[in-house]
Protein chains: 2
Amino acid sequence: MAETPGGESLLFLTDEQLRKGIEAMFFAYRGFTADPDRILGGMDYGRAHHRAIHFIHRSPGTTVSNLLLILGVTKQSLNRVLRTLIEDGLVRSEKGKVDARERHLHLTDKGQMLERELSDAQRARMRAAYRAAGPQAVQGFRQVLEAMMDPEMRRQYNRLKEGG
Amino acid sequence: MAETPGGESLLFLTDEQLRKGIEAMFFAYRGFTADPDRILGGMDYGRAHHRAIHFIHRSPGTTVSNLLLILGVTKQSLNRVLRTLIEDGLVRSEKGKVDARERHLHLTDKGQMLERELSDAQRARMRAAYRAAGPQAVQGFRQVLEAMMDPEMRRQYNRLKEGG
DNA sequence: CTTGGAAAGTCAACAAGGCTGACGTAAATT
DNA sequence: AATTTACGTCAGCCTTGTTGACTTTCCAAG
């Protein structure tokens, strides 16, 4: 077993270990999105709507530009999703009072209900995984994921974290 | 800090902690796919081609049905991807000798080269994340991801693992 | 040997959700 | 007054997923 001068194992850096990590990400992400996808399948919405709803819930009053930064899509793509959510009365968009060019986004009661349904399902799976793996594993899980992000995304992630 | 009778922390099971895990998955997956996406952007290929190439590399001689199980898409969807890869000489498809209905898939030399390029990039990121987080964290990372998979996907994942 | 069903492939049509490019409007900034 | 910013929108394209219908090939059981 390979050892560093400091004595830690380096076995975890073999190509084979890295490939397993890659495959674990692939299969786990499928599970991660499976429940919301199933719920949204019945309605006219998809994963893109879920993401918008999630981050509007997370940062009520956020602007369109901010959402664009977080989601990393074009405004045309986001707009298509946002328009249907507003039309269907799940999201409310208000002109900014200090800067009237900005639109501040909030979930309506109806939007809150759907958010709840989606996040209940997703959190149930996450909770089961956390419980099965234990607190120590959860810490490692978050550390590796954070290290895997692009720096700009890590900034966004940490900005969101501050609230919690 | 909430404690169980056994004494372990339960803080990691709060809704807020679960939400952070969800967001970590979202942002990390973006990083995870960013490098291959960038490489494939130049060519006529996309993420679907990458997945096919990855699993054919991983299980040379695998059949179309097996690939369908692993990828979880329809045969029509996979076939479109596979056809272009075969036409372009990245993948070789051979009739089975024991069961001639089956097609056994292999990467050609050209296919190996692209696989190498893609996985080098993806492994480099994974390696950096692993190194930054350390072996203990990596173990936890894999435990949580594995617990997050659907049982059927976990079976597929573990079947792949055996080889390594 | 025949037939039923599995494995693979194909065609057509469609939808979600990305993208680019161009354009318009209102509001803020310089 | 001119420029920039934030947002919305139209049009068109691509990838990648879907369903449904159909064919060919082939194994295996009756």
# chains A, B, ... in the order shown; residues from 1 in each chain; ligands from 1

call {"tool": "select_by_dssp", "arguments": {"residues": "region 20-143 of chain B", "states": "strand (DSSP E or B)", "output": "list of chain:residue names"}}
result
B:Thr62, B:Thr63, B:Val91, B:Arg92, B:Ser93, B:Glu94, B:Lys95, B:Arg103, B:His104, B:Leu105, B:His106, B:Leu107

call {"tool": "write_last_selection", "arguments": {"atoms": "all heavy atoms", "output": "compact mmCIF listing (two decimals), in the first residue's frame"}}
result
# COMPACT_ATOMS: atom_id res chain seq x y z
N THR B 62 -19.31 -5.98 -24.02
CA THR B 62 -20.67 -5.93 -23.45
C THR B 62 -21.70 -5.87 -24.57
O THR B 62 -21.40 -5.46 -25.69
CB THR B 62 -20.82 -4.70 -22.54
OG1 THR B 62 -22.05 -4.78 -21.85
CG2 THR B 62 -20.78 -3.40 -23.33
N THR B 63 -22.90 -6.32 -24.26
CA THR B 63 -23.96 -6.32 -25.27
C THR B 63 -24.77 -5.04 -25.19
O THR B 63 -24.69 -4.29 -24.22
CB THR B 63 -24.92 -7.50 -25.06
OG1 THR B 63 -25.56 -7.34 -23.79
CG2 THR B 63 -24.19 -8.82 -25.10
N VAL B 91 -16.36 2.73 -32.33
CA VAL B 91 -16.87 1.52 -31.70
C VAL B 91 -17.02 0.43 -32.76
O VAL B 91 -17.40 0.72 -33.90
CB VAL B 91 -18.23 1.79 -31.01
CG1 VAL B 91 -18.91 0.48 -30.60
CG2 VAL B 91 -18.05 2.69 -29.80
N ARG B 92 -16.71 -0.80 -32.36
CA ARG B 92 -16.85 -1.94 -33.23
C ARG B 92 -17.96 -2.81 -32.65
O ARG B 92 -18.01 -3.03 -31.44
CB ARG B 92 -15.52 -2.71 -33.26
CG ARG B 92 -15.43 -3.85 -34.22
CD ARG B 92 -13.95 -4.25 -34.46
NE ARG B 92 -13.16 -4.14 -33.22
CZ ARG B 92 -13.06 -5.12 -32.32
NH1 ARG B 92 -13.65 -6.28 -32.52
NH2 ARG B 92 -12.33 -4.94 -31.23
N SER B 93 -18.85 -3.29 -33.49
CA SER B 93 -19.98 -4.11 -33.06
C SER B 93 -19.88 -5.46 -33.74
O SER B 93 -19.88 -5.52 -34.97
CB SER B 93 -21.28 -3.39 -33.44
OG SER B 93 -22.38 -4.27 -33.35
N GLU B 94 -19.79 -6.54 -32.98
CA GLU B 94 -19.67 -7.86 -33.59
C GLU B 94 -20.82 -8.76 -33.16
O GLU B 94 -21.19 -8.79 -31.99
CB GLU B 94 -18.40 -8.58 -33.13
CG GLU B 94 -17.19 -7.74 -32.92
CD GLU B 94 -15.99 -8.61 -32.63
OE1 GLU B 94 -16.06 -9.43 -31.68
OE2 GLU B 94 -15.00 -8.48 -33.37
N LYS B 95 -21.31 -9.52 -34.11
CA LYS B 95 -22.30 -10.54 -33.80
C LYS B 95 -21.74 -11.51 -32.78
O LYS B 95 -20.58 -11.93 -32.88
CB LYS B 95 -22.65 -11.32 -35.07
CG LYS B 95 -23.78 -10.72 -35.88
CD LYS B 95 -24.21 -11.69 -36.98
CE LYS B 95 -25.30 -11.04 -37.85
NZ LYS B 95 -25.73 -11.93 -38.94
N ARG B 103 -25.08 -8.25 -29.98
CA ARG B 103 -23.96 -7.50 -30.56
C ARG B 103 -22.98 -7.20 -29.43
O ARG B 103 -23.37 -6.62 -28.41
CB ARG B 103 -24.44 -6.19 -31.17
CG ARG B 103 -25.42 -6.34 -32.31
CD ARG B 103 -24.78 -6.93 -33.56
NE ARG B 103 -25.72 -7.06 -34.65
CZ ARG B 103 -26.51 -8.12 -34.83
NH1 ARG B 103 -26.46 -9.12 -33.99
NH2 ARG B 103 -27.36 -8.16 -35.84
N HIS B 104 -21.75 -7.58 -29.63
CA HIS B 104 -20.73 -7.30 -28.62
C HIS B 104 -19.96 -6.06 -29.03
O HIS B 104 -19.52 -5.93 -30.17
CB HIS B 104 -19.81 -8.51 -28.45
CG HIS B 104 -20.53 -9.71 -27.94
ND1 HIS B 104 -20.74 -9.92 -26.59
CD2 HIS B 104 -21.12 -10.74 -28.58
CE1 HIS B 104 -21.42 -11.04 -26.43
NE2 HIS B 104 -21.68 -11.56 -27.63
N LEU B 105 -19.84 -5.14 -28.09
CA LEU B 105 -19.29 -3.82 -28.39
C LEU B 105 -17.87 -3.66 -27.85
O LEU B 105 -17.57 -4.03 -26.71
CB LEU B 105 -20.20 -2.75 -27.78
CG LEU B 105 -21.67 -2.84 -28.23
CD1 LEU B 105 -22.55 -1.92 -27.40
CD2 LEU B 105 -21.79 -2.52 -29.71
N HIS B 106 -17.01 -3.12 -28.70
CA HIS B 106 -15.63 -2.83 -28.31
C HIS B 106 -15.25 -1.44 -28.81
O HIS B 106 -15.78 -0.98 -29.83
CB HIS B 106 -14.67 -3.84 -28.95
CG HIS B 106 -14.90 -5.25 -28.53
ND1 HIS B 106 -14.22 -5.83 -27.48
CD2 HIS B 106 -15.74 -6.20 -29.00
CE1 HIS B 106 -14.64 -7.08 -27.33
NE2 HIS B 106 -15.55 -7.33 -28.24
N LEU B 107 -14.32 -0.81 -28.12
CA LEU B 107 -13.75 0.43 -28.63
C LEU B 107 -12.67 0.08 -29.64
O LEU B 107 -11.89 -0.85 -29.43
CB LEU B 107 -13.14 1.26 -27.50
CG LEU B 107 -14.10 1.84 -26.46
CD1 LEU B 107 -13.35 2.72 -25.47
CD2 LEU B 107 -15.22 2.63 -27.12

call {"tool": "residues_around", "arguments": {"residues": "region 77-87 of chain A", "least_positions_apart": "3", "cutoff": "8 Å", "atoms": "only C-alpha atoms (C1' of nucleotides)", "output": "NGL selection string"}}
result
(:A and (48-49 or 52 or 68 or 73-74 or 90-93)) or (:C and (17-18)) or (:D and (8))

call {"tool": "write_last_selection", "arguments": {"atoms": "all heavy atoms", "output": "CSV table (one decimal), in the first residue's frame"}}
result
chain,number,residue,atom,x,y,z
A,48,ALA,N,-35.8,21.2,-15.1
A,48,ALA,CA,-35.5,22.7,-15.1
A,48,ALA,C,-36.4,23.5,-14.2
A,48,ALA,O,-35.9,24.4,-13.5
A,48,ALA,CB,-35.5,23.2,-16.6
A,49,HIS,N,-37.7,23.1,-14.2
A,49,HIS,CA,-38.6,23.8,-13.3
A,49,HIS,C,-38.3,23.5,-11.9
A,49,HIS,O,-38.3,24.4,-11.0
A,49,HIS,CB,-40.0,23.3,-13.6
A,49,HIS,CG,-40.5,23.6,-15.0
A,49,HIS,ND1,-40.2,22.8,-16.1
A,49,HIS,CD2,-41.2,24.6,-15.6
A,49,HIS,CE1,-40.7,23.2,-17.2
A,49,HIS,NE2,-41.3,24.4,-16.9
A,52,ALA,N,-35.4,25.8,-10.8
A,52,ALA,CA,-35.8,27.1,-10.6
A,52,ALA,C,-36.6,27.2,-9.2
A,52,ALA,O,-36.3,28.1,-8.4
A,52,ALA,CB,-36.7,27.6,-11.7
A,68,LEU,N,-29.6,33.2,-12.9
A,68,LEU,CA,-28.9,32.8,-14.1
A,68,LEU,C,-27.5,32.4,-13.7
A,68,LEU,O,-26.9,31.4,-14.2
A,68,LEU,CB,-28.8,34.0,-15.1
A,68,LEU,CG,-30.1,34.2,-15.9
A,68,LEU,CD1,-29.9,35.5,-16.8
A,68,LEU,CD2,-30.4,33.0,-16.7
A,73,VAL,N,-27.4,28.7,-17.0
A,73,VAL,CA,-28.0,28.5,-18.3
A,73,VAL,C,-28.2,29.9,-18.9
A,73,VAL,O,-27.9,30.9,-18.3
A,73,VAL,CB,-29.4,27.8,-18.2
A,73,VAL,CG1,-29.2,26.4,-17.7
A,73,VAL,CG2,-30.4,28.6,-17.4
A,74,THR,N,-28.7,29.9,-20.2
A,74,THR,CA,-28.9,31.2,-20.8
A,74,THR,C,-30.2,31.8,-20.3
A,74,THR,O,-31.1,31.1,-19.9
A,74,THR,CB,-29.0,31.1,-22.3
A,74,THR,OG1,-30.1,30.2,-22.7
A,74,THR,CG2,-27.7,30.6,-22.9
A,90,LEU,N,-47.2,29.7,-9.8
A,90,LEU,CA,-46.4,29.1,-8.8
A,90,LEU,C,-45.3,30.1,-8.4
A,90,LEU,O,-44.8,30.0,-7.3
A,90,LEU,CB,-45.7,27.9,-9.4
A,90,LEU,CG,-46.6,26.8,-9.9
A,90,LEU,CD1,-45.8,25.6,-10.5
A,90,LEU,CD2,-47.4,26.3,-8.7
A,91,VAL,N,-45.0,31.0,-9.2
A,91,VAL,CA,-43.9,32.0,-9.0
A,91,VAL,C,-44.5,33.4,-9.2
A,91,VAL,O,-45.3,33.6,-10.1
A,91,VAL,CB,-42.7,31.8,-9.9
A,91,VAL,CG1,-41.7,33.0,-9.8
A,91,VAL,CG2,-42.0,30.5,-9.5
A,92,ARG,N,-44.1,34.4,-8.3
A,92,ARG,CA,-44.5,35.7,-8.4
A,92,ARG,C,-43.3,36.6,-8.8
A,92,ARG,O,-42.2,36.3,-8.2
A,92,ARG,CB,-45.1,36.2,-7.1
A,92,ARG,CG,-45.8,37.5,-7.0
A,92,ARG,CD,-46.6,37.7,-5.8
A,92,ARG,NE,-46.1,37.0,-4.6
A,92,ARG,CZ,-45.2,37.6,-3.8
A,92,ARG,NH1,-44.8,38.8,-4.0
A,92,ARG,NH2,-44.7,36.9,-2.8
A,93,SER,N,-43.4,37.5,-9.7
A,93,SER,CA,-42.3,38.3,-10.1
A,93,SER,C,-42.6,39.8,-9.9
A,93,SER,O,-43.6,40.3,-10.4
A,93,SER,CB,-42.0,38.1,-11.6
A,93,SER,OG,-41.2,39.0,-12.2
C,17,DG,P,-37.8,20.4,-18.9
C,17,DG,OP1,-37.5,19.7,-17.6
C,17,DG,OP2,-38.8,21.5,-18.9
C,17,DG,O5',-36.5,20.9,-19.5
C,17,DG,C5',-35.4,20.0,-19.7
C,17,DG,C4',-34.3,20.6,-20.5
C,17,DG,O4',-34.7,20.6,-21.9
C,17,DG,C3',-34.1,22.1,-20.1
C,17,DG,O3',-32.7,22.2,-20.0
C,17,DG,C2',-34.6,22.8,-21.3
C,17,DG,C1',-34.3,21.8,-22.4
C,17,DG,N9,-34.9,22.1,-23.7
C,17,DG,C8,-36.2,22.6,-23.9
C,17,DG,N7,-36.4,22.7,-25.2
C,17,DG,C5,-35.3,22.2,-25.8
C,17,DG,C6,-34.9,22.1,-27.2
C,17,DG,O6,-35.6,22.4,-28.2
C,17,DG,N1,-33.7,21.6,-27.4
C,17,DG,C2,-32.8,21.2,-26.4
C,17,DG,N2,-31.6,20.8,-26.8
C,17,DG,N3,-33.1,21.3,-25.1
C,17,DG,C4,-34.3,21.8,-24.9
C,18,DG,P,-32.0,23.1,-18.9
C,18,DG,OP1,-31.8,22.1,-17.8
C,18,DG,OP2,-32.7,24.3,-18.6
C,18,DG,O5',-30.6,23.4,-19.5
C,18,DG,C5',-30.5,24.4,-20.5
C,18,DG,C4',-29.6,23.9,-21.6
C,18,DG,O4',-30.4,23.1,-22.4
C,18,DG,C3',-29.0,25.0,-22.4
C,18,DG,O3',-27.8,25.4,-21.9
C,18,DG,C2',-28.9,24.3,-23.8
C,18,DG,C1',-30.0,23.4,-23.8
C,18,DG,N9,-31.2,23.9,-24.5
C,18,DG,C8,-32.4,24.3,-23.9
C,18,DG,N7,-33.3,24.7,-24.7
C,18,DG,C5,-32.7,24.7,-25.9
C,18,DG,C6,-33.2,25.0,-27.2
C,18,DG,O6,-34.3,25.4,-27.6
C,18,DG,N1,-32.2,24.8,-28.2
C,18,DG,C2,-30.9,24.3,-28.0
C,18,DG,N2,-30.1,24.1,-29.0
C,18,DG,N3,-30.5,24.0,-26.8
C,18,DG,C4,-31.4,24.2,-25.8
D,8,DG,P,-37.9,38.9,-16.8
D,8,DG,OP1,-39.2,38.9,-16.0
D,8,DG,OP2,-37.0,37.8,-16.7
D,8,DG,O5',-38.4,39.1,-18.3
D,8,DG,C5',-39.2,40.2,-18.7
D,8,DG,C4',-39.5,40.2,-20.1
D,8,DG,O4',-38.2,40.5,-20.8
D,8,DG,C3',-39.9,38.8,-20.7
D,8,DG,O3',-41.1,38.9,-21.4
D,8,DG,C2',-38.7,38.5,-21.7
D,8,DG,C1',-38.1,39.8,-22.0
D,8,DG,N9,-36.7,39.7,-22.4
D,8,DG,C8,-35.7,39.3,-21.6
D,8,DG,N7,-34.5,39.3,-22.2
D,8,DG,C5,-34.8,39.9,-23.4
D,8,DG,C6,-33.9,40.2,-24.5
D,8,DG,O6,-32.7,40.1,-24.6
D,8,DG,N1,-34.7,40.8,-25.6
D,8,DG,C2,-36.0,41.0,-25.6
D,8,DG,N2,-36.5,41.6,-26.7
D,8,DG,N3,-36.8,40.7,-24.6
D,8,DG,C4,-36.1,40.2,-23.5

call {"tool": "interface_residues", "arguments": {"of": "chain C", "to": "chain A", "cutoff": "12 Å", "atoms": "only C-alpha atoms (C1' of nucleotides)", "output": "count of residues only"}}
result
12

call {"tool": "atom_distance", "arguments": {"atom1": "CA of Val98 (chain B)", "atom2": "CA of Leu69 (chain B)"}}
result
20.9 Å

call {"tool": "atom_distance", "arguments": {"atom1": "CA of Pro151 (chain B)", "atom2": "CA of Glu115 (chain A)"}}
result
25.8 Å

call {"tool": "closest_residue", "arguments": {"among": "B:Asn158, B:Ser65, B:Ser9, B:Ser59", "to": "DA7 (chain C)", "atoms": "only C-alpha atoms (C1' of nucleotides)"}}
result
B:Ser65

call {"tool": "select_by_dssp", "arguments": {"residues": "chain A", "states": "helix (DSSP H, G or I)", "output": "PyMOL selection string"}}
result
chain A and resi 11-13+15-42+47-58+64-71+75-87+109-133+135-148+151-163

call {"tool": "write_last_selection", "arguments": {"atoms": "C-alpha atoms", "output": "CSV table (one decimal), in the first residue's frame"}}
result
chain,number,residue,atom,x,y,z
A,11,LEU,CA,-4.4,3.8,-2.7
A,12,PHE,CA,-7.4,6.0,-3.0
A,13,LEU,CA,-5.7,7.9,-5.9
A,15,ASP,CA,-7.0,5.2,-11.6
A,16,GLU,CA,-9.3,2.4,-10.6
A,17,GLN,CA,-10.4,4.2,-7.5
A,18,LEU,CA,-11.0,7.3,-9.5
A,19,ARG,CA,-13.1,5.4,-12.0
A,20,LYS,CA,-15.2,4.0,-9.2
A,21,GLY,CA,-15.7,7.5,-8.0
A,22,ILE,CA,-16.8,8.6,-11.4
A,23,GLU,CA,-19.3,5.8,-11.7
A,24,ALA,CA,-20.6,6.4,-8.2
A,25,MET,CA,-21.3,9.9,-9.2
A,26,PHE,CA,-23.1,8.8,-12.3
A,27,PHE,CA,-25.3,6.2,-10.6
A,28,ALA,CA,-26.0,8.3,-7.5
A,29,TYR,CA,-27.0,11.3,-9.5
A,30,ARG,CA,-29.6,9.2,-11.2
A,31,GLY,CA,-31.1,8.2,-7.8
A,32,PHE,CA,-30.8,11.8,-6.7
A,33,THR,CA,-33.1,13.1,-9.5
A,34,ALA,CA,-35.3,10.0,-9.8
A,35,ASP,CA,-38.0,11.0,-7.2
A,36,PRO,CA,-38.6,14.6,-8.4
A,37,ASP,CA,-38.5,13.5,-12.0
A,38,ARG,CA,-41.2,10.9,-11.2
A,39,ILE,CA,-43.4,13.6,-9.5
A,40,LEU,CA,-42.9,16.1,-12.3
A,41,GLY,CA,-43.5,13.5,-14.9
A,42,GLY,CA,-47.2,13.7,-14.3
A,47,ARG,CA,-36.0,19.1,-14.1
A,48,ALA,CA,-35.5,22.7,-15.1
A,49,HIS,CA,-38.6,23.8,-13.3
A,50,HIS,CA,-37.5,21.9,-10.3
A,51,ARG,CA,-34.2,23.7,-10.2
A,52,ALA,CA,-35.8,27.1,-10.6
A,53,ILE,CA,-38.3,26.4,-7.8
A,54,HIS,CA,-35.6,25.1,-5.5
A,55,PHE,CA,-33.4,28.1,-5.7
A,56,ILE,CA,-36.3,30.6,-5.6
A,57,HIS,CA,-37.4,28.9,-2.4
A,58,ARG,CA,-33.9,29.0,-1.1
A,64,VAL,CA,-33.3,36.8,-12.6
A,65,SER,CA,-29.6,37.6,-13.1
A,66,ASN,CA,-28.7,35.9,-9.8
A,67,LEU,CA,-30.7,32.8,-10.8
A,68,LEU,CA,-28.9,32.8,-14.1
A,69,LEU,CA,-25.5,32.8,-12.3
A,70,ILE,CA,-26.6,29.9,-10.1
A,71,LEU,CA,-28.2,27.8,-12.7
A,75,LYS,CA,-31.6,33.7,-20.0
A,76,GLN,CA,-33.7,32.4,-22.9
A,77,SER,CA,-33.6,29.0,-21.4
A,78,LEU,CA,-34.5,30.2,-17.9
A,79,ASN,CA,-37.1,32.5,-19.2
A,80,ARG,CA,-39.0,29.8,-20.9
A,81,VAL,CA,-39.2,27.9,-17.6
A,82,LEU,CA,-39.9,31.0,-15.5
A,83,ARG,CA,-42.7,32.2,-17.8
A,84,THR,CA,-44.7,29.0,-17.4
A,85,LEU,CA,-44.2,29.0,-13.6
A,86,ILE,CA,-45.5,32.6,-13.4
A,87,GLU,CA,-48.4,31.9,-15.8
A,109,ASP,CA,-48.5,29.4,-1.8
A,110,LYS,CA,-49.1,27.1,-4.7
A,111,GLY,CA,-45.4,27.2,-5.5
A,112,GLN,CA,-44.5,26.5,-1.9
A,113,MET,CA,-46.7,23.4,-2.0
A,114,LEU,CA,-45.0,21.9,-5.0
A,115,GLU,CA,-41.6,22.8,-3.6
A,116,ARG,CA,-42.5,21.0,-0.5
A,117,GLU,CA,-43.7,17.9,-2.3
A,118,LEU,CA,-40.5,17.8,-4.4
A,119,SER,CA,-38.1,18.5,-1.6
A,120,ASP,CA,-39.8,16.1,0.7
A,121,ALA,CA,-39.1,13.3,-1.7
A,122,GLN,CA,-35.5,14.3,-2.4
A,123,ARG,CA,-34.8,14.9,1.3
A,124,ALA,CA,-36.2,11.5,2.2
A,125,ARG,CA,-33.7,9.8,-0.1
A,126,MET,CA,-30.9,12.0,1.1
A,127,ARG,CA,-31.8,11.3,4.7
A,128,ALA,CA,-31.9,7.6,4.2
A,129,ALA,CA,-28.5,7.8,2.5
A,130,TYR,CA,-27.1,9.9,5.3
A,131,ARG,CA,-28.5,7.6,8.0
A,132,ALA,CA,-27.1,4.6,6.3
A,133,ALA,CA,-23.7,6.1,5.9
A,135,PRO,CA,-22.2,11.4,10.2
A,136,GLN,CA,-18.5,10.8,9.5
A,137,ALA,CA,-19.3,9.7,6.0
A,138,VAL,CA,-21.5,12.7,5.4
A,139,GLN,CA,-18.7,15.0,6.3
A,140,GLY,CA,-16.5,13.3,3.7
A,141,PHE,CA,-19.2,13.3,1.2
A,142,ARG,CA,-19.6,17.1,1.4
A,143,GLN,CA,-15.9,17.7,1.4
A,144,VAL,CA,-15.3,15.7,-1.8
A,145,LEU,CA,-18.3,17.3,-3.6
A,146,GLU,CA,-17.2,20.8,-2.6
A,147,ALA,CA,-13.7,20.1,-3.9
A,148,MET,CA,-15.1,18.9,-7.2
A,151,PRO,CA,-14.4,27.7,-8.1
A,152,GLU,CA,-17.3,30.0,-9.3
A,153,MET,CA,-19.9,27.4,-8.4
A,154,ARG,CA,-18.2,26.8,-5.0
A,155,ARG,CA,-18.7,30.5,-4.4
A,156,GLN,CA,-22.3,30.3,-5.2
A,157,TYR,CA,-22.7,27.2,-3.1
A,158,ASN,CA,-21.1,28.8,-0.1
A,159,ARG,CA,-23.2,32.0,-0.5
A,160,LEU,CA,-26.2,29.8,-0.2
A,161,LYS,CA,-24.8,27.9,2.8
A,162,GLU,CA,-24.4,31.1,4.9
A,163,GLY,CA,-28.1,31.3,5.5

call {"tool": "interface_residues", "arguments": {"of": "chain D", "to": "chain A", "cutoff": "10 Å", "atoms": "only C-alpha atoms (C1' of nucleotides)", "output": "mmCIF file with C-alpha atoms (C1' of nucleotides), in the first residue's frame"}}
result
data_model
loop_
_atom_site.group_PDB
_atom_site.id
_atom_site.type_symbol
_atom_site.label_atom_id
_atom_site.label_comp_id
_atom_site.auth_asym_id
_atom_site.auth_seq_id
_atom_site.Cartn_x
_atom_site.Cartn_y
_atom_site.Cartn_z
ATOM 1 C "C1'" DT D 5 -27.730 47.027 -17.466
ATOM 2 C "C1'" DA D 6 -31.650 43.926 -16.559
ATOM 3 C "C1'" DC D 7 -35.075 41.732 -18.507
ATOM 4 C "C1'" DG D 8 -38.126 39.804 -22.010
ATOM 5 C "C1'" DT D 9 -39.009 37.795 -26.500
#

call {"tool": "atom_distance", "arguments": {"atom1": "C1' of DG20 (chain D)", "atom2": "C1' of DC11 (chain C)"}}
result
10.6 Å

call {"tool": "closest_residue", "arguments": {"among": "B:Gly96, B:Met43, B:Gly61, B:Gly72", "to": "chain A", "atoms": "only C-alpha atoms"}}
result
B:Gly72

call {"tool": "closest_residue", "arguments": {"among": "D:DC27, D:DC13, D:DA1, D:DT19", "to": "DG5 (chain C)", "atoms": "only C-alpha atoms (C1' of nucleotides)"}}
result
D:DC27

call {"tool": "decode", "arguments": {"residues": "region 58-69 of chain B", "atoms": "N, CA, C and O atoms", "output": "PDB file, in the first residue's frame"}}
result
ATOM      1  N   ARG B  58     -15.219   0.172 -20.105  1.00  0.00           N
ATOM      2  CA  ARG B  58     -15.203  -0.476 -18.804  1.00  0.00           C
ATOM      3  C   ARG B  58     -15.523  -1.958 -18.906  1.00  0.00           C
ATOM      4  O   ARG B  58     -15.005  -2.760 -18.137  1.00  0.00           O
ATOM      5  N   SER B  59     -16.403  -2.324 -19.809  1.00  0.00           N
ATOM      6  CA  SER B  59     -16.813  -3.720 -19.979  1.00  0.00           C
ATOM      7  C   SER B  59     -16.718  -4.092 -21.450  1.00  0.00           C
ATOM      8  O   SER B  59     -17.743  -4.207 -22.135  1.00  0.00           O
ATOM      9  N   PRO B  60     -15.507  -4.295 -21.945  1.00  0.00           N
ATOM     10  CA  PRO B  60     -15.355  -4.582 -23.369  1.00  0.00           C
ATOM     11  C   PRO B  60     -16.115  -5.849 -23.740  1.00  0.00           C
ATOM     12  O   PRO B  60     -16.118  -6.814 -22.981  1.00  0.00           O
ATOM     13  N   GLY B  61     -16.777  -5.810 -24.883  1.00  0.00           N
ATOM     14  CA  GLY B  61     -17.534  -6.960 -25.325  1.00  0.00           C
ATOM     15  C   GLY B  61     -18.945  -7.002 -24.762  1.00  0.00           C
ATOM     16  O   GLY B  61     -19.689  -7.952 -24.998  1.00  0.00           O
ATOM     17  N   THR B  62     -19.311  -5.984 -24.019  1.00  0.00           N
ATOM     18  CA  THR B  62     -20.667  -5.934 -23.450  1.00  0.00           C
ATOM     19  C   THR B  62     -21.699  -5.872 -24.567  1.00  0.00           C
ATOM     20  O   THR B  62     -21.397  -5.462 -25.688  1.00  0.00           O
ATOM     21  N   THR B  63     -22.901  -6.325 -24.259  1.00  0.00           N
ATOM     22  CA  THR B  63     -23.957  -6.321 -25.271  1.00  0.00           C
ATOM     23  C   THR B  63     -24.775  -5.036 -25.195  1.00  0.00           C
ATOM     24  O   THR B  63     -24.694  -4.292 -24.225  1.00  0.00           O
ATOM     25  N   VAL B  64     -25.571  -4.832 -26.231  1.00  0.00           N
ATOM     26  CA  VAL B  64     -26.439  -3.653 -26.266  1.00  0.00           C
ATOM     27  C   VAL B  64     -27.426  -3.693 -25.098  1.00  0.00           C
ATOM     28  O   VAL B  64     -27.633  -2.689 -24.418  1.00  0.00           O
ATOM     29  N   SER B  65     -28.016  -4.844 -24.849  1.00  0.00           N
ATOM     30  CA  SER B  65     -29.000  -4.943 -23.754  1.00  0.00           C
ATOM     31  C   SER B  65     -28.369  -4.596 -22.426  1.00  0.00           C
ATOM     32  O   SER B  65     -28.985  -3.930 -21.591  1.00  0.00           O
ATOM     33  N   ASN B  66     -27.169  -5.083 -22.225  1.00  0.00           N
ATOM     34  CA  ASN B  66     -26.485  -4.794 -20.965  1.00  0.00           C
ATOM     35  C   ASN B  66     -26.250  -3.297 -20.824  1.00  0.00           C
ATOM     36  O   ASN B  66     -26.454  -2.719 -19.753  1.00  0.00           O
ATOM     37  N   LEU B  67     -25.852  -2.685 -21.909  1.00  0.00           N
ATOM     38  CA  LEU B  67     -25.619  -1.247 -21.905  1.00  0.00           C
ATOM     39  C   LEU B  67     -26.920  -0.500 -21.616  1.00  0.00           C
ATOM     40  O   LEU B  67     -26.933   0.511 -20.894  1.00  0.00           O
ATOM     41  N   LEU B  68     -27.999  -1.004 -22.151  1.00  0.00           N
ATOM     42  CA  LEU B  68     -29.302  -0.379 -21.908  1.00  0.00           C
ATOM     43  C   LEU B  68     -29.657  -0.413 -20.424  1.00  0.00           C
ATOM     44  O   LEU B  68     -30.150   0.563 -19.870  1.00  0.00           O
ATOM     45  N   LEU B  69     -29.355  -1.547 -19.786  1.00  0.00           N
ATOM     46  CA  LEU B  69     -29.610  -1.681 -18.354  1.00  0.00           C
ATOM     47  C   LEU B  69     -28.820  -0.644 -17.569  1.00  0.00           C
ATOM     48  O   LEU B  69     -29.338   0.007 -16.665  1.00  0.00           O
TER      49      LEU B  69
END
